[in-house]
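Student: Handing you a structure now.
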Amino acid sequence: MSGGLLLAQGEPIIPDFGEGSDCVVENRFFCPDWVRDNWAGVIQPALLQHVKLVVIAVAIGFVLSFAAALVAHRYRLVEAPFTAFSAVVYTIPSLALFQLLVPVTGLTVTTVEIALVGYTLLILFRNTLEGLRSVPPDVLEAARGMGYTRGQTLWRVELPLAVPAMFAGLRVAVVSTIALATVAALVIPYGLGYPIFLALREAFKTEIVVAGGLAVLMALVADALLVAAQRALTPWASARRLA
Amino acid sequence: MIRKHNRRAAKAAYSVALGVALLLGLSAAAAPAAPQQSTPIIVGAKNFPEQYILGQLYRQALVAAGFKVGYKENIGSTELIDTALKSRQITLYPEYTGVMLSVTFKRKSLPKTPQATYSLAKQLYERRGQTLLARTPFQDRDVIAVTRATAKRYNLKTLSDLKRVPNLSIAGFPEWNTRWRGQIGRQYGVKGFKFVPLAGISAYQLLDQGDVLAADVFTTDPPLLGSKYVQLRDPKNMFGFQHVAPVVDQRLVQQYGTRFTSTINKVTRLLTVKAMQAMNKAVIVDQRPAARVADAFLKANGLKKK
């Protein structure tokens with residue numbers, strides 16, 4: 001065993017592995033037959049995993065940033081440390097972050113989600129806080145004049161007025177997370193990054209086109225949904241537009 | 001997806017992240033120790049087709065021999081998979097002997113024979129709790145290829161013959177130029193050529209179109225199966241040796257003994273260049289799933305019941 005090389009005892013038998021279609025073998029730009037054969041087994045699961053990665057990352061990132069922004073809005077002292085923390089996390093290259101996390105959280109979805117959540121914090125925190133701060137002083141004064149308490153002012157005046165800024169942050173966070181989540185495939189075979197990485201290595205065009213195209217489509221759809229959600233949440237804005 | 005940043009920010013970032021990681025690690029270590037349990041077999045594979053095939057071959061052969069086996073594939077870089085190995089996220093993975101020395105153990109100069117390369121790597125792994133099982137007959141190393149027509153026209157057989165080619169151009173991965181330009185000049189007298197970095201287009205396509213005259217490719221690439229291209233010999237072994245050997249956690253060998261090692265070695269022994277090229281072709285060109293290709297190969301060679 002310590003000898004290293006094992007002498008081959010005769011050549012191995014190489015069985016027939018089956019052949020790909022002409023389109024696949026010639027590696028044309030787009031082979032519908034490959035997509036049909038691999039939709040259920042490769043593409044669809046990767047797409048659903050990608051959606052899951054992004055939704056979880058942005059949801060957790062939003063909850064953390066929202067809470068941090070509310071605290072920072074009330075106690076200014078908190079702003080600088082949280083901004084510094086999220087900015088530092090933002091500057092860590094994803095591959096380096098994975099390298100640091102793998103010994104602790106393993107080759108798991110958790111490792112990827114920690115990284116993705118980390119990258120959303122800066123954008124979401126800044127935007128939420130800016131939104132809260134952008135409320136004009138005379139509006140706040142009017143609220144106070146109407147006898148609103150601090151809590152009432154926050155929930156009825158400041159937060160609704162901060163919605164557009166928050167959504168601006170969410171849109172950037174969602175679209176960038178959709179793109180960033182493809183690197184999850186460096187840690188686990190998960191998400192749209194997996195078929196993209198596979199196809200890049202093999203220079204297989206159809207798979208790059210399908211998986212890459214779906215990532216772009218997903219970003220567009222998510223952005224459109226967020227715009228629609230924002231309109232629904234801020235009816236006064238569209239009323240003003242119509243006026 | 002690597003962000004640009006200045007050195008200071010990076011240093012700060014690393015130290016903060018390291019601190020967080022350390023804290024998490026310490027709190028995990030402080031948890032009550034689990035009862036003594038056996039080390040699981042978890043096969044790992046890097047992120048390219050040949051590795052998926054190798055990973056599947058070892059995984060399926062072990063399962064067929066009655067072992068319980070975990071499997072994790074598509075692990076990013078050599079550094080990342082080594083981190084996974086050291087932290088026992090995986091306990092076995094196939095690696096190239098030259099890469100073990102140059103990447104994992106950061107060796108500047110490489111030994112002059114395949115056996116010395118293998119032995120040194122094995123020794124280095126054993127110092128930190130892993131070992132190597134037998135290595136494959138095939139190796140997947142850099143080779144300069146030209147089309148048959150070019151080889152005939154300039155009578156090219158070895159790397160030093162490239163000296164005689166006017167307006168020589170060589171295609172390769174971007175890092176090839178920094179790594180090998182000096183070497184090929186010093187060892188074979190090949191100098192002053194134009195380097196064409198590969199970006200999203202295959203080296204073989206560039207050769208076919210006549211965009212470059214020579215290209216750095218890998219010995220197990222499927223296009224080398226036919227006789228369309230000629231591989232130039234490297235008598236001084238400038239490119240080193242890249243046989244594959246499974247890196248395994250030493251605990252696995254202690255726990256399962258020869259029943260485990262012989263199962264793996266039986267697979268390893270079958271892996272000739274022809275076999276590897278054929279399997280790579282099935283996965284890369286015909287887009288067959290690596291798991292099915294490995295299954296067919298093991299069954300054909302009696303390592304898995306039909």
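Chain labels A, B, ... are given in the sequence in which chains occur in the structure tokens; within each chain residues are numbered consecutively from 1, and ligands are likewise numbered from 1 in the order shown.
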In segment 14-181 of chain A, what's helix (DSSP H, G or I) per DSSP? Answer as an NGL selection string?
Tutor: :A and (22-25 or 32-74 or 76-91 or 94-105 or 109-133 or 137-145 or 150-181)
Student: Set the distance at 10 Å and use only C-alpha atoms: which residues neighbour Phe30 of chain A once local chain neighbours fewer than 3 positions away are removed? I'd like the list as an mmCIF file with N, CA and C atoms, in the first residue's frame.
Tutor:
data_model
loop_
_atom_site.group_PDB
_atom_site.id
_atom_site.type_symbol
_atom_site.label_atom_id
_atom_site.label_comp_id
_atom_site.auth_asym_id
_atom_site.auth_seq_id
_atom_site.Cartn_x
_atom_site.Cartn_y
_atom_site.Cartn_z
ATOM 1 N N CYS A 23 -26.890 18.229 -31.238
ATOM 2 C CA CYS A 23 -26.855 19.615 -30.746
ATOM 3 C C CYS A 23 -25.959 19.707 -29.516
ATOM 4 N N VAL A 24 -26.116 18.735 -28.601
ATOM 5 C CA VAL A 24 -25.337 18.730 -27.372
ATOM 6 C C VAL A 24 -23.863 18.475 -27.666
ATOM 7 N N ASN A 27 -22.219 21.243 -29.110
ATOM 8 C CA ASN A 27 -22.262 22.374 -28.184
ATOM 9 C C ASN A 27 -22.776 23.647 -28.853
ATOM 10 N N ASP A 33 -33.549 20.172 -26.482
ATOM 11 C CA ASP A 33 -33.675 18.784 -26.025
ATOM 12 C C ASP A 33 -32.958 18.585 -24.695
ATOM 13 N N TRP A 34 -31.828 19.268 -24.507
ATOM 14 C CA TRP A 34 -31.107 19.142 -23.233
ATOM 15 C C TRP A 34 -31.937 19.743 -22.097
ATOM 16 N N VAL A 35 -32.545 20.914 -22.384
ATOM 17 C CA VAL A 35 -33.346 21.579 -21.356
ATOM 18 C C VAL A 35 -34.523 20.690 -20.977
ATOM 19 N N PHE A 204 -20.135 24.345 -21.629
ATOM 20 C CA PHE A 204 -21.362 23.856 -22.234
ATOM 21 C C PHE A 204 -22.382 24.993 -22.299
ATOM 22 N N LYS A 205 -22.666 25.440 -23.523
ATOM 23 C CA LYS A 205 -23.375 26.707 -23.699
ATOM 24 C C LYS A 205 -24.816 26.683 -23.207
ATOM 25 N N THR A 206 -25.576 25.630 -23.576
ATOM 26 C CA THR A 206 -26.997 25.603 -23.234
ATOM 27 C C THR A 206 -27.229 25.829 -21.733
ATOM 28 N N GLU A 207 -26.427 25.141 -20.932
ATOM 29 C CA GLU A 207 -26.635 25.211 -19.491
ATOM 30 C C GLU A 207 -26.321 26.613 -18.950
ATOM 31 N N ILE A 208 -25.286 27.251 -19.496
ATOM 32 C CA ILE A 208 -24.955 28.618 -19.068
ATOM 33 C C ILE A 208 -26.099 29.552 -19.429
ATOM 34 N N VAL A 209 -26.605 29.393 -20.662
ATOM 35 C CA VAL A 209 -27.671 30.271 -21.141
ATOM 36 C C VAL A 209 -28.919 30.109 -20.277
ATOM 37 N N VAL A 210 -29.298 28.856 -20.013
ATOM 38 C CA VAL A 210 -30.529 28.613 -19.252
ATOM 39 C C VAL A 210 -30.386 29.102 -17.811
#
Student: Give the answer as one residue: which of B:Leu213, B:Ala116, B:Ala171, B:Val146 has the shortest atom-to-atom distance to Ala199 of chain B, using only C-alpha atoms?
Tutor: B:Ala171
Student: Can you tell me, as a count of residues only, what residues are no more than 6 Å from segment 172-184 of chain A when counting only C-alpha atoms, ignoring any on the same chain fewer than 4 positions away?
Tutor: 5
Student: Please provide as a short mmCIF file (atom, residue, chain, number, x, y, z; two decimals) with C-alpha atoms, in the first residue's frame all residues within 10 Å of Thr113 of chain B, with the sequence filter that same-chain residues fewer than 5 positions apart are discarded (counting only C-alpha atoms).
Tutor:
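Final output, saved to result-v7.cif:
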data_model
loop_
_atom_site.label_atom_id
_atom_site.label_comp_id
_atom_site.auth_asym_id
_atom_site.auth_seq_id
_atom_site.Cartn_x
_atom_site.Cartn_y
_atom_site.Cartn_z
CA TYR B 118 3.71 10.98 -4.28
CA SER B 119 5.95 10.02 -1.34
CA ASN B 237 9.09 16.98 -16.70
CA GLY B 240 5.64 18.02 -12.81
CA PHE B 241 3.43 15.04 -12.06
#
Student: Determine the nearest neighbour of chain B from the options A:Val89, A:Leu77, A:Val227, A:Val63, counting only C-alpha atoms.
Tutor: A:Val89
Student: Mind checking which residues fall within 9 Å of segment 251-260 of chain B, counting only C-alpha atoms, ignoring those fewer than 2 positions away in the same chain, and posting them as JSON, numbers by chain?
Tutor: {"B": [38, 39, 40, 41, 62, 65, 67, 91, 92, 129, 130, 131, 248, 249, 262, 263, 264, 265]}
Student: Record the distance separating atom CA of Ile196 of chain A and atom CA of Gly212 of chain A, expressed in Å with one decimal.
Tutor: 6.7 Å
Student: Could you work out how far atom CA of Lys72 of chain B lies from atom CA of Gln37 of chain B, giving the answer in Å with one decimal?
Tutor: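 Interatomic distance here is 21.0 Å.
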Student: Find the residues around segment 206-209 of chain B up to 12 Å (only C-alpha atoms counted), leave out those fewer than 4 positions away in its own chain, and share them as a PyMOL selection string.
Tutor: chain B and resi 144-151+169-172+196-202+213-217+223+228-230
